[in-house]
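Novice: I have a structure I would like to understand better, so I am pasting it below and will then ask my questions one at a time.
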Amino acid sequence: MVLLEYGIPAKFVDLIMECVMTVSYSLLLNGGMTPKFQAKKIMCCRADRISMQLILQAFHPFSDVTGLQANMEKSSFYVAGVTEQFKASILSEMHFALGEFPFKYLGVPLSTKKPSTHQCMPLVFLLPKKILHMITTACRTFLWTGSNEPSKRASVSGERMCMPGSTGGLRIMDFYSWNKASLCKLLWAINAKKDILWVKWIHNSYIKRRDAITMPTPKRACWIVRKVFDTREWFGSVNTSGDVNEYCKQGKFSIKKVYIAVRP
């Protein structure tokens, strides 16, 4: 009804509802999956029709379910598409700080515009070996042929191309090593108990006051969490002491320092 009120064509609304109602969902709750259930509707509301108290009350069940205490001082409110008068009314009612774009959520920059190269650089994520191989193959093929079509034309080996220019290489990034070094940043954040929501979740769910560097990889954790913990073995080949803090610079972890350490 809200979409129709905004003048969205009924046929387009029907297509959206078809996408919503033909799939099923399952929630991860208390370490287990709930039974699947069908979606029935999209929950949405106009900003000028919502109760500010309902939003504030939503923090309580969040704390009960996750075990994390919502910090009102660190919460911000993002407003768009309303008058300045109404925005002032919202902020006065809720006592939140006014957030500005772009901002980071779980380490990912959110913006109303296309993210810049600078904003994308800190992104850290796990890429499967098959994807890394596909990316590497596409880049090397383009380097020698100017095309993305499969080709065996290569005057220099891939390993040599990743070497520094002083040793006859082209200083092209080794994506596998860079991705592993990036995962070390996640490992450092977990070990340092950074004040980040996902780090607190991992400590509450899996670590439980143990040493994040020496404890076994949690078997019941999801694939991504297990892979981050498994990175400790790879990091051990880079640094025998296993101290991830050695690659910090002014309180921030340097992926580049780990990458340089692992490369010949």
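Identifiers in this document derive from the order of the structure tokens: chains are assigned A, B, ..., residues are numbered from 1 separately in each chain, and ligands are numbered from 1 in order of occurrence.
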Would you mind listing what lies within 7 Å of stretch 95-100 of chain A as an mmCIF file with N, CA and C atoms, in the first residue's frame, with only C-alpha atoms counted and same-chain residues fewer than 2 positions away left out?
Specialist:
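The resulting file, result-v9.cif, is shown below:
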data_model
loop_
_atom_site.group_PDB
_atom_site.id
_atom_site.type_symbol
_atom_site.label_atom_id
_atom_site.label_comp_id
_atom_site.auth_asym_id
_atom_site.auth_seq_id
_atom_site.Cartn_x
_atom_site.Cartn_y
_atom_site.Cartn_z
ATOM 1 N N SER A 75 24.817 5.462 19.119
ATOM 2 C CA SER A 75 23.808 5.274 18.088
ATOM 3 C C SER A 75 23.545 6.590 17.373
ATOM 4 N N SER A 76 23.413 6.513 16.077
ATOM 5 C CA SER A 76 23.136 7.702 15.271
ATOM 6 C C SER A 76 21.869 7.490 14.460
ATOM 7 N N PHE A 77 21.236 8.594 14.091
ATOM 8 C CA PHE A 77 20.006 8.533 13.318
ATOM 9 C C PHE A 77 20.246 9.175 11.958
ATOM 10 N N TYR A 78 19.874 8.457 10.892
ATOM 11 C CA TYR A 78 20.097 8.941 9.532
ATOM 12 C C TYR A 78 18.757 9.266 8.894
ATOM 13 N N LEU A 91 14.976 14.287 15.853
ATOM 14 C CA LEU A 91 16.176 14.331 16.692
ATOM 15 C C LEU A 91 15.861 14.798 18.106
ATOM 16 N N SER A 92 14.912 15.733 18.222
ATOM 17 C CA SER A 92 14.523 16.233 19.541
ATOM 18 C C SER A 92 13.814 15.149 20.348
ATOM 19 N N GLU A 93 13.024 14.332 19.662
ATOM 20 C CA GLU A 93 12.258 13.288 20.341
ATOM 21 C C GLU A 93 13.137 12.122 20.779
ATOM 22 N N PRO A 102 29.165 9.436 4.070
ATOM 23 C CA PRO A 102 29.140 7.980 4.246
ATOM 24 C C PRO A 102 29.524 7.602 5.670
ATOM 25 N N PHE A 103 29.092 6.421 6.105
ATOM 26 C CA PHE A 103 29.495 5.895 7.406
ATOM 27 C C PHE A 103 29.723 4.390 7.244
#
Novice: Do you know which residues are at most 12 Å from A:Glu18 counting only C-alpha atoms, after dropping those on the same chain fewer than 2 positions away, and could you put them as number ranges by chain?
Specialist: A: 11-16, 20-23, 38-42
Novice: For A:Ile190, list every protein, DNA or RNA residue within 9 Å, evaluated using only C-alpha atoms, and leave out those in the same chain fewer than 3 positions away; present the list as a list in words.
Specialist: Lys185, Leu186, Leu187, Lys193, Lys194, Trp198, Val199, Lys200, Ile202, His203 and Ala212 of chain A
Novice: Emit the selected residues as an mmCIF file, in the first residue's frame, including N, CA and C atoms.
Specialist:
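Contents of out26.cif, freshly written:
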data_model
loop_
_atom_site.group_PDB
_atom_site.id
_atom_site.type_symbol
_atom_site.label_atom_id
_atom_site.label_comp_id
_atom_site.auth_asym_id
_atom_site.auth_seq_id
_atom_site.Cartn_x
_atom_site.Cartn_y
_atom_site.Cartn_z
ATOM 1 N N LYS A 185 43.752 -9.229 9.518
ATOM 2 C CA LYS A 185 43.209 -8.024 10.147
ATOM 3 C C LYS A 185 41.979 -8.369 10.979
ATOM 4 N N LEU A 186 41.144 -9.281 10.470
ATOM 5 C CA LEU A 186 39.988 -9.731 11.240
ATOM 6 C C LEU A 186 40.435 -10.481 12.490
ATOM 7 N N LEU A 187 41.478 -11.289 12.323
ATOM 8 C CA LEU A 187 42.017 -12.032 13.459
ATOM 9 C C LEU A 187 42.554 -11.081 14.519
ATOM 10 N N LYS A 193 39.944 -7.519 20.815
ATOM 11 C CA LYS A 193 38.612 -7.258 21.366
ATOM 12 C C LYS A 193 38.138 -5.849 20.998
ATOM 13 N N LYS A 194 38.255 -5.557 19.718
ATOM 14 C CA LYS A 194 37.828 -4.246 19.230
ATOM 15 C C LYS A 194 36.356 -4.020 19.564
ATOM 16 N N TRP A 198 30.389 -7.157 15.512
ATOM 17 C CA TRP A 198 30.662 -8.538 15.102
ATOM 18 C C TRP A 198 31.743 -9.184 15.970
ATOM 19 N N VAL A 199 32.710 -8.379 16.470
ATOM 20 C CA VAL A 199 33.742 -8.912 17.358
ATOM 21 C C VAL A 199 33.117 -9.327 18.692
ATOM 22 N N LYS A 200 32.235 -8.499 19.221
ATOM 23 C CA LYS A 200 31.557 -8.834 20.482
ATOM 24 C C LYS A 200 30.724 -10.107 20.319
ATOM 25 N N ILE A 202 31.311 -12.652 18.270
ATOM 26 C CA ILE A 202 32.197 -13.821 18.219
ATOM 27 C C ILE A 202 32.705 -14.168 19.621
ATOM 28 N N HIS A 203 33.042 -13.149 20.407
ATOM 29 C CA HIS A 203 33.514 -13.412 21.767
ATOM 30 C C HIS A 203 32.398 -14.014 22.622
ATOM 31 N N ALA A 212 41.965 -16.139 22.004
ATOM 32 C CA ALA A 212 41.555 -16.253 20.607
ATOM 33 C C ALA A 212 42.670 -16.780 19.707
#
Novice: List the spatial neighbours of A:Ile213 as a list in words - criterion: any atom at most 9 Å away, only C-alpha atoms, same-chain residues fewer than 3 positions off excluded.
Specialist: Leu187, Asn191, Arg210, Pro216, Phe229, Arg232, Gly242 and Asp243 of chain A
Novice: Write the residues you've just listed into a file as a compact mmCIF listing (two decimals), in the first residue's frame, and include C-alpha atoms for each of them.
Specialist:
# COMPACT_ATOMS: atom_id res chain seq x y z
CA LEU A 187 42.02 -12.03 13.46
CA ASN A 191 42.26 -10.77 19.49
CA ARG A 210 39.45 -18.03 26.08
CA PRO A 216 40.75 -24.53 18.87
CA PHE A 229 40.37 -18.79 12.89
CA ARG A 232 46.18 -18.50 12.41
CA GLY A 242 52.10 -15.57 16.37
CA ASP A 243 51.83 -11.99 17.59
Novice: Between A:Met94, A:Leu29, A:Ala88, A:Thr136, which one has atoms that come closest to A:Glu73, using only C-alpha atoms?
Specialist: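 Of A:Met94, A:Leu29, A:Ala88, A:Thr136, the one nearest A:Glu73 is A:Met94, counting only C-alpha atoms.
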Novice: Find the distance between atom CA of A:Ile260 and atom CA of A:Val228 and write it in Å to one decimal.
Specialist: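 Interatomic distance here is 19.9 Å.
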Novice: I'd like the contact shell of stretch 176-184 of chain A - 7 Å cut-off, only C-alpha atoms, skipping same-chain residues fewer than 2 positions apart - returned as a ChimeraX atom specification.
Specialist: /A:124,126,132,174,186-188,228,231,255,258-259
Novice: Residues of the last selection are to be written out with N, CA and C atoms, as a CSV table (one decimal), in the first residue's frame.
Specialist:
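Output saved as result-v4.csv:
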chain,number,residue,atom,x,y,z
A,124,VAL,N,37.5,-5.8,3.9
A,124,VAL,CA,38.1,-7.1,4.2
A,124,VAL,C,37.1,-8.2,4.1
A,126,LEU,N,36.5,-12.7,2.9
A,126,LEU,CA,37.1,-14.0,2.5
A,126,LEU,C,36.6,-14.4,1.1
A,132,LEU,N,39.5,-16.7,-6.3
A,132,LEU,CA,40.8,-16.1,-6.4
A,132,LEU,C,41.5,-16.5,-7.6
A,174,ASP,N,49.7,-10.4,-5.6
A,174,ASP,CA,49.3,-11.8,-5.4
A,174,ASP,C,48.1,-11.8,-4.6
A,186,LEU,N,41.1,-9.3,10.5
A,186,LEU,CA,40.0,-9.7,11.2
A,186,LEU,C,40.4,-10.5,12.5
A,187,LEU,N,41.5,-11.3,12.3
A,187,LEU,CA,42.0,-12.0,13.5
A,187,LEU,C,42.6,-11.1,14.5
A,188,TRP,N,43.2,-10.0,14.1
A,188,TRP,CA,43.7,-9.0,15.0
A,188,TRP,C,42.6,-8.3,15.7
A,228,VAL,N,38.4,-17.6,9.4
A,228,VAL,CA,39.2,-16.6,10.0
A,228,VAL,C,40.1,-17.2,11.1
A,231,THR,N,43.1,-19.0,9.7
A,231,THR,CA,44.1,-18.1,9.2
A,231,THR,C,45.3,-18.1,10.2
A,255,ILE,N,47.6,-4.4,6.7
A,255,ILE,CA,47.6,-5.5,5.8
A,255,ILE,C,48.8,-5.5,4.9
A,258,VAL,N,51.9,-7.3,6.5
A,258,VAL,CA,51.8,-8.7,6.5
A,258,VAL,C,52.1,-9.2,5.1
A,259,TYR,N,51.5,-8.6,4.1
A,259,TYR,CA,51.7,-9.0,2.7
A,259,TYR,C,53.2,-8.9,2.3
Novice: Quick one: of A:Gly236, A:Gly31, A:Thr83, A:Asn245, who's nearest to A:Arg220, counting only C-alpha atoms?
Specialist: A:Gly31
Novice: Can you tell me how far atom CA of A:Phe253 sits from atom CA of A:Ala189, in Å to one decimal?
Specialist: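 Interatomic distance here is 8.5 Å.
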Novice: Quick one: DSSP alpha helix (DSSP H) residues in stretch 129-215 of chain A, as an MDAnalysis selection string?
Specialist: chainID A and resid 129:145 158:161 175:191 197:202
Novice: Would you compute the distance between atom CA of A:Leu27 and atom CA of A:Ile196? Give it in Å to one decimal.
Specialist: 22.2 Å
